[in-house]
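File shown: run.cif (mmCIF, C-alpha atoms and all ligand atoms).
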```cif
data_my_file
#
loop_
_atom_site.label_atom_id
_atom_site.label_comp_id
_atom_site.auth_asym_id
_atom_site.auth_seq_id
_atom_site.Cartn_x
_atom_site.Cartn_y
_atom_site.Cartn_z
CA MET A 1 -3.41 -1.35 34.72
CA ALA A 2 -5.79 -4.31 34.85
CA ARG A 3 -6.45 -5.87 31.48
CA GLY A 4 -10.00 -6.86 30.59
CA LYS A 5 -10.91 -9.90 28.56
CA LYS A 6 -9.30 -10.66 25.22
CA ILE A 7 -11.49 -9.42 22.41
CA TYR A 8 -9.34 -10.05 19.33
CA GLU A 9 -6.10 -11.79 18.50
CA GLY A 10 -4.38 -10.79 15.27
CA LYS A 11 -1.09 -11.88 13.73
CA ALA A 12 1.13 -9.33 15.51
CA LYS A 13 -1.14 -7.82 18.17
CA THR A 14 -3.82 -8.77 20.68
CA LEU A 15 -6.62 -6.49 21.83
CA TYR A 16 -8.08 -6.56 25.35
CA GLU A 17 -10.94 -4.65 26.92
CA GLY A 18 -9.67 -1.38 28.38
CA PRO A 19 -10.24 0.11 31.83
CA GLU A 20 -13.08 2.36 30.63
CA PRO A 21 -15.78 1.98 28.00
CA GLY A 22 -14.52 3.11 24.62
CA THR A 23 -10.92 2.10 25.38
CA LEU A 24 -8.87 -0.97 24.52
CA ILE A 25 -5.43 -2.25 25.43
CA GLN A 26 -3.29 -3.16 22.43
CA TYR A 27 -0.56 -5.73 23.17
CA PHE A 28 2.34 -6.04 20.70
CA LYS A 29 3.53 -9.63 20.18
CA ASP A 30 6.90 -10.81 18.87
CA ASP A 31 5.26 -12.82 16.09
CA ALA A 32 6.33 -11.98 12.55
CA THR A 33 4.30 -13.19 9.60
CA ALA A 34 4.52 -12.65 5.87
CA PHE A 35 2.78 -13.81 2.70
CA ASN A 36 -0.59 -14.02 4.44
CA ALA A 37 0.97 -15.96 7.36
CA GLU A 38 2.60 -18.65 5.16
CA LYS A 39 5.94 -17.57 6.66
CA LYS A 40 6.07 -17.25 10.44
CA ALA A 41 8.65 -16.68 13.17
CA ILE A 42 9.07 -15.28 16.63
CA VAL A 43 11.38 -12.26 16.51
CA ASP A 44 12.63 -11.41 20.01
CA GLY A 45 11.96 -7.81 20.90
CA LYS A 46 9.90 -6.87 17.82
CA GLY A 47 6.77 -6.19 19.89
CA VAL A 48 8.63 -3.88 22.26
CA LEU A 49 10.11 -1.90 19.38
CA ASN A 50 6.82 -1.62 17.49
CA ASN A 51 4.99 -0.50 20.65
CA ARG A 52 7.55 2.30 21.06
CA LEU A 53 7.65 3.23 17.38
CA SER A 54 3.88 3.27 16.96
CA GLU A 55 3.66 5.49 20.06
CA PHE A 56 6.23 7.84 18.54
CA PHE A 57 4.45 8.16 15.19
CA MET A 58 0.92 8.39 16.62
CA GLU A 59 2.02 11.07 19.13
CA GLY A 60 3.66 12.98 16.30
CA LEU A 61 0.45 12.76 14.27
CA ASN A 62 -1.57 13.90 17.30
CA SER A 63 0.69 16.91 17.71
CA ILE A 64 -0.01 18.05 14.14
CA GLY A 65 -3.74 17.42 14.44
CA VAL A 66 -4.09 14.11 12.62
CA PRO A 67 -6.61 12.22 14.78
CA ASN A 68 -5.66 8.70 15.80
CA HIS A 69 -6.45 5.98 18.33
CA PHE A 70 -3.39 6.38 20.58
CA ILE A 71 -4.02 7.48 24.20
CA LYS A 72 -0.87 6.43 26.08
CA ARG A 73 1.73 3.74 26.35
CA LEU A 74 1.23 1.59 29.43
CA ASN A 75 4.38 -0.53 29.50
CA MET A 76 6.91 -2.22 27.23
CA ARG A 77 4.33 -4.09 25.18
CA GLU A 78 0.99 -2.42 25.79
CA GLN A 79 -0.70 0.82 24.89
CA LEU A 80 -4.10 2.25 25.72
CA ILE A 81 -6.09 3.11 22.60
CA ARG A 82 -9.53 4.37 21.65
CA GLN A 83 -11.94 1.71 20.56
CA CYS A 84 -13.16 2.24 17.02
CA GLU A 85 -15.00 0.45 14.26
CA ILE A 86 -12.33 -0.58 11.76
CA VAL A 87 -13.09 0.23 8.11
CA PRO A 88 -12.35 -3.10 6.36
CA LEU A 89 -9.65 -1.63 4.12
CA GLU A 90 -5.88 -1.54 4.04
CA VAL A 91 -5.00 1.95 2.88
CA ILE A 92 -1.65 1.84 1.09
CA VAL A 93 0.31 4.94 0.14
CA ARG A 94 3.25 4.62 -2.24
CA ASN A 95 5.98 7.17 -2.98
CA TYR A 96 8.34 4.78 -4.77
CA ALA A 97 7.50 1.53 -6.56
CA ALA A 98 8.14 -1.66 -4.55
CA GLY A 99 6.60 -4.99 -3.59
CA SER A 100 3.32 -5.90 -5.22
CA MET A 101 3.22 -2.74 -7.36
CA SER A 102 6.62 -3.50 -8.88
CA LYS A 103 5.57 -7.08 -9.55
CA ARG A 104 2.20 -6.12 -11.05
CA LEU A 105 3.47 -3.37 -13.33
CA GLY A 106 7.07 -4.46 -13.94
CA ILE A 107 8.47 -1.23 -12.46
CA GLU A 108 11.89 -1.53 -10.85
CA GLU A 109 11.78 -1.30 -7.04
CA GLY A 110 12.86 2.13 -5.85
CA THR A 111 11.58 4.02 -8.91
CA GLN A 112 10.08 7.33 -7.74
CA LEU A 113 6.40 7.65 -8.63
CA PRO A 114 5.12 10.80 -10.36
CA ARG A 115 3.11 11.56 -7.21
CA PRO A 116 2.02 9.64 -4.12
CA ILE A 117 -0.39 6.90 -5.16
CA ILE A 118 -3.06 5.56 -2.81
CA GLU A 119 -4.58 2.13 -3.21
CA PHE A 120 -7.00 0.01 -1.20
CA SER A 121 -7.14 -3.66 -0.31
CA TYR A 122 -10.23 -5.32 1.11
CA LYS A 123 -9.29 -6.74 4.53
CA ASP A 124 -10.02 -10.44 4.28
CA ASP A 125 -7.31 -12.98 5.15
CA ASP A 126 -9.12 -15.85 3.40
CA LEU A 127 -9.06 -13.86 0.15
CA GLY A 128 -5.50 -12.59 0.72
CA ASP A 129 -6.54 -8.93 1.07
CA PRO A 130 -7.36 -8.32 -2.62
CA LEU A 131 -6.70 -4.94 -4.22
CA VAL A 132 -10.05 -3.23 -4.87
CA PRO A 133 -11.06 -0.12 -6.81
CA GLU A 134 -12.88 2.68 -5.01
CA GLU A 135 -16.03 1.83 -6.95
CA TYR A 136 -16.23 -1.58 -5.24
CA ILE A 137 -15.78 0.06 -1.83
CA ILE A 138 -18.69 2.43 -2.38
CA ALA A 139 -20.90 -0.14 -4.13
CA PHE A 140 -20.46 -2.80 -1.42
CA GLY A 141 -20.88 -0.18 1.33
CA TRP A 142 -17.50 -0.75 3.00
CA ALA A 143 -17.15 3.05 3.17
CA SER A 144 -19.14 5.98 1.82
CA GLN A 145 -17.92 8.43 -0.83
CA GLN A 146 -17.54 11.12 1.83
CA GLU A 147 -15.52 8.74 4.00
CA MET A 148 -13.29 7.83 1.06
CA ASP A 149 -12.55 11.51 0.45
CA ASP A 150 -11.68 11.90 4.14
CA ILE A 151 -9.57 8.72 4.13
CA VAL A 152 -7.54 9.98 1.15
CA ALA A 153 -6.96 13.33 2.88
CA LEU A 154 -5.89 11.57 6.11
CA ALA A 155 -3.59 9.18 4.25
CA LEU A 156 -1.85 12.06 2.45
CA ARG A 157 -1.31 13.92 5.73
CA VAL A 158 0.16 10.81 7.31
CA ASN A 159 2.39 10.42 4.25
CA ASP A 160 3.69 13.99 4.49
CA TYR A 161 4.37 13.65 8.20
CA LEU A 162 6.05 10.24 7.99
CA SER A 163 8.09 11.12 4.87
CA GLY A 164 9.40 14.26 6.58
CA VAL A 165 10.25 12.57 9.88
CA MET A 166 12.02 9.74 8.06
CA TYR A 167 13.88 12.04 5.69
CA GLY A 168 15.19 13.88 8.76
CA VAL A 169 16.93 10.71 9.94
CA GLY A 170 18.25 9.63 6.54
CA ILE A 171 15.48 7.20 5.67
CA LYS A 172 13.35 7.12 2.53
CA LEU A 173 9.66 6.25 3.04
CA ILE A 174 8.96 3.95 0.10
CA ASP A 175 5.39 3.01 1.03
CA PHE A 176 3.21 2.19 4.03
CA LYS A 177 -0.15 0.81 5.08
CA ILE A 178 -2.58 2.33 7.55
CA GLU A 179 -5.97 1.32 8.83
CA ILE A 180 -8.79 3.70 9.58
CA GLY A 181 -11.47 3.51 12.26
CA ARG A 182 -14.78 5.23 12.94
CA VAL A 183 -15.45 6.75 16.35
CA PHE A 184 -18.86 7.96 17.36
CA GLU A 185 -19.23 11.13 19.42
CA GLY A 186 -22.89 11.78 20.11
CA ASP A 187 -24.53 12.25 16.73
CA PHE A 188 -21.19 12.68 15.01
CA MET A 189 -18.90 10.10 13.48
CA ARG A 190 -15.28 10.82 12.67
CA LEU A 191 -12.45 8.90 11.12
CA ILE A 192 -9.18 8.28 12.94
CA VAL A 193 -5.93 6.49 12.13
CA ALA A 194 -5.94 3.14 13.97
CA ASP A 195 -3.99 -0.15 14.22
CA GLU A 196 -0.26 0.68 14.22
CA ILE A 197 2.44 2.54 12.36
CA SER A 198 5.72 0.64 12.54
CA PRO A 199 8.38 -0.93 10.31
CA ASP A 200 6.01 -3.92 10.04
CA SER A 201 3.71 -1.82 7.88
CA CYS A 202 6.15 0.53 6.10
CA ARG A 203 9.00 0.17 3.65
CA LEU A 204 11.99 2.14 4.91
CA TRP A 205 15.26 2.38 2.99
CA ASP A 206 18.44 4.07 4.16
CA ILE A 207 18.90 7.08 1.87
CA GLU A 208 22.66 6.58 1.44
CA SER A 209 23.05 2.83 1.18
CA GLY A 210 19.54 1.69 0.19
CA GLN A 211 19.64 -0.79 3.10
CA LYS A 212 16.18 -2.06 4.02
CA LEU A 213 15.09 -1.28 7.59
CA ASP A 214 11.59 -2.82 7.53
CA LYS A 215 9.71 -6.12 7.38
CA ASP A 216 11.22 -6.97 3.97
CA VAL A 217 14.30 -8.00 6.04
CA PHE A 218 12.12 -10.85 7.32
CA ARG A 219 10.10 -11.46 4.12
CA ARG A 220 13.26 -11.74 2.01
CA ASP A 221 15.71 -13.16 4.60
CA LEU A 222 18.00 -10.13 4.47
CA GLY A 223 19.33 -10.30 8.05
CA ASN A 224 18.24 -9.64 11.61
CA LEU A 225 14.84 -7.94 11.86
CA THR A 226 15.34 -6.68 15.43
CA ASP A 227 18.61 -5.00 14.41
CA ALA A 228 16.84 -3.23 11.54
CA TYR A 229 13.96 -1.97 13.73
CA THR A 230 16.40 -1.01 16.50
CA GLU A 231 18.29 1.13 13.98
CA VAL A 232 15.07 2.97 13.04
CA ALA A 233 14.24 3.50 16.73
CA ARG A 234 17.79 4.66 17.49
CA ARG A 235 17.78 7.23 14.69
CA LEU A 236 14.44 8.60 15.83
CA GLY A 237 15.73 8.90 19.41
CA VAL A 238 13.09 6.47 20.60
CA LEU A 239 15.61 4.31 22.47
CA PRO A 240 17.06 5.82 25.66
CA THR A 241 20.66 5.84 24.43
CA ASN A 242 22.49 4.78 21.31
CA GLY A 243 24.35 1.69 22.48
CA PRO A 244 23.29 -1.87 21.69
CA ALA A 245 23.29 -2.62 25.45
CA ALA A 246 20.58 0.03 25.93
CA ALA A 247 18.59 -1.44 23.06
CA ASN A 248 18.79 -4.87 24.65
CA SER A 249 17.73 -3.52 28.01
CA VAL A 250 14.66 -2.04 26.34
CA ILE A 251 13.84 -5.32 24.66
CA ASN A 252 14.35 -7.62 27.64
N1 LIG A 301 1.42 -3.90 3.95
C1 LIG A 301 1.03 -4.23 5.24
N2 LIG A 301 0.14 -5.25 5.42
C2 LIG A 301 -0.38 -5.96 4.40
C3 LIG A 301 0.01 -5.62 3.08
C4 LIG A 301 0.92 -4.60 2.90
O1 LIG A 301 1.46 -3.61 6.21
O2 LIG A 301 -1.20 -6.88 4.64
C5 LIG A 301 2.39 -2.80 3.74
C6 LIG A 301 3.75 -3.33 3.31
O3 LIG A 301 4.59 -3.53 4.45
C7 LIG A 301 4.26 -2.21 2.45
C8 LIG A 301 2.99 -1.61 1.83
O4 LIG A 301 1.92 -2.00 2.68
O5 LIG A 301 4.89 -1.23 3.24
C9 LIG A 301 2.73 -2.06 0.41
O6 LIG A 301 2.76 -3.46 0.37
P1 LIG A 301 2.61 -4.27 -1.01
O7 LIG A 301 1.25 -4.05 -1.57
O8 LIG A 301 3.75 -3.94 -1.89
O9 LIG A 301 2.58 -5.78 -0.55
P2 LIG A 301 3.71 -6.86 -0.31
O10 LIG A 301 4.76 -6.67 -1.33
O11 LIG A 301 4.14 -6.57 1.10
O12 LIG A 301 2.93 -8.13 -0.44
#
```
With the file now loaded, output its structure as structure tokens.
Amino acid sequence: MARGKKIYEGKAKTLYEGPEPGTLIQYFKDDATAFNAEKKAIVDGKGVLNNRLSEFFMEGLNSIGVPNHFIKRLNMREQLIRQCEIVPLEVIVRNYAAGSMSKRLGIEEGTQLPRPIIEFSYKDDDLGDPLVPEEYIIAFGWASQQEMDDIVALALRVNDYLSGVMYGVGIKLIDFKIEIGRVFEGDFMRLIVADEISPDSCRLWDIESGQKLDKDVFRRDLGNLTDAYTEVARRLGVLPTNGPAAANSVIN
């Protein structure tokens, strides 16, 4: 499918104009970044795996009626998505303490939280995506109160779906980040899950061993990131067969 002109280049993905109005092509790069891009590397095959994994999760969400931007995968690195207006928030759902929450509150990583906790960061790289209370979001007009209620409901549905799918393959969903977009249909506006869902934006721990299978492998130098993501894809049946040769043939 012919790609239109580049409209946005992010850290891990590039967006191009799609074949029809209201569509975009999302290209998954191999670039890995952490700590607001202070740490960078090219990780061979990461884009291919995240394209596949995001397809898998978004299709799963579609099948249970959670609206999202995914239309279809086009090839190894590209998918066709619905264009939307991104709400400038990172919506983070936590089931177990980890990362910035553990640091901020001194709670040991892996401690189960009394219930899923949702928090919001304002999307601004120059500011380092600061954590913001809902009151700021409403007051500054980044989203309305009604939208925030809908965003919380969407985030909890995504959490239930992802936790269940992961639990089924022996993986604990510690936390994750999603982004939300607005789509306009005539006089109506609705919210959809956008961006991507992949091990770049989740924390995934093996239930038995506690082994990390997500971007913390890169952030904390814990081993080979492609191997970790390949393991997630293999367990979910996203790779054609189980052997490493098959995984490589998908990546190359
Ligand atoms: N996260 C993300 N993008 C960001 C910040 C966080 O995808 O810009 C994800 C991160 O991978 C983790 C969850 O959101 O799954 C919570 O991240 P946390 O606030 O603990 O931040 P970190 O420790 O990664 O700085």
Checklist entry - So which residues are near ligand LIG 301 (chain A), meaning at most 6 Å away with only C-alpha atoms and all ligand atoms counted, given back as a list in words? => result Ile92, Ala98, Gly99, Ser100, Met101, Asp175, Phe176, Lys177, Asp200, Ser201, Cys202 and Arg203 of chain A
Would you mind exporting the chosen residues as a PDB file, in the coordinates of the input, restricted to C-alpha atoms?
```pdb
ATOM      1  CA  ILE A  92      -1.650   1.840   1.090  1.00  0.00           C
ATOM      2  CA  ALA A  98       8.140  -1.660  -4.550  1.00  0.00           C
ATOM      3  CA  GLY A  99       6.600  -4.990  -3.590  1.00  0.00           C
ATOM      4  CA  SER A 100       3.320  -5.900  -5.220  1.00  0.00           C
ATOM      5  CA  MET A 101       3.220  -2.740  -7.360  1.00  0.00           C
ATOM      6  CA  ASP A 175       5.390   3.010   1.030  1.00  0.00           C
ATOM      7  CA  PHE A 176       3.210   2.190   4.030  1.00  0.00           C
ATOM      8  CA  LYS A 177      -0.150   0.810   5.080  1.00  0.00           C
ATOM      9  CA  ASP A 200       6.010  -3.920  10.040  1.00  0.00           C
ATOM     10  CA  SER A 201       3.710  -1.820   7.880  1.00  0.00           C
ATOM     11  CA  CYS A 202       6.150   0.530   6.100  1.00  0.00           C
ATOM     12  CA  ARG A 203       9.000   0.170   3.650  1.00  0.00           C
TER      13      ARG A 203
END
```
Item to check | Contact residues around A:Ile178 with only C-alpha atoms at 12 Å, ignoring same-chain residues under 6 positions, as a ChimeraX atom specification | outcome: /A:54,57-58,68,86-94,118-121,123,151-152,154-159,162,192-202
Checklist entry - So, counting only C-alpha atoms, which residue among A:Asn50, A:Gln79, A:Thr226, A:Ser163 is closest to A:Val238? => result A:Asn50
Item to check | Long-range neighbours of A:Cys84 as a PyMOL selection string, 7 Å cut-off, all atoms listed in the file, 4 positions minimum in chain | outcome: chain A and resi 181-183
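The gap separating atom CA of A:Asp30 from atom CA of A:Lys212 is 19.6 Å, in Å to one decimal.
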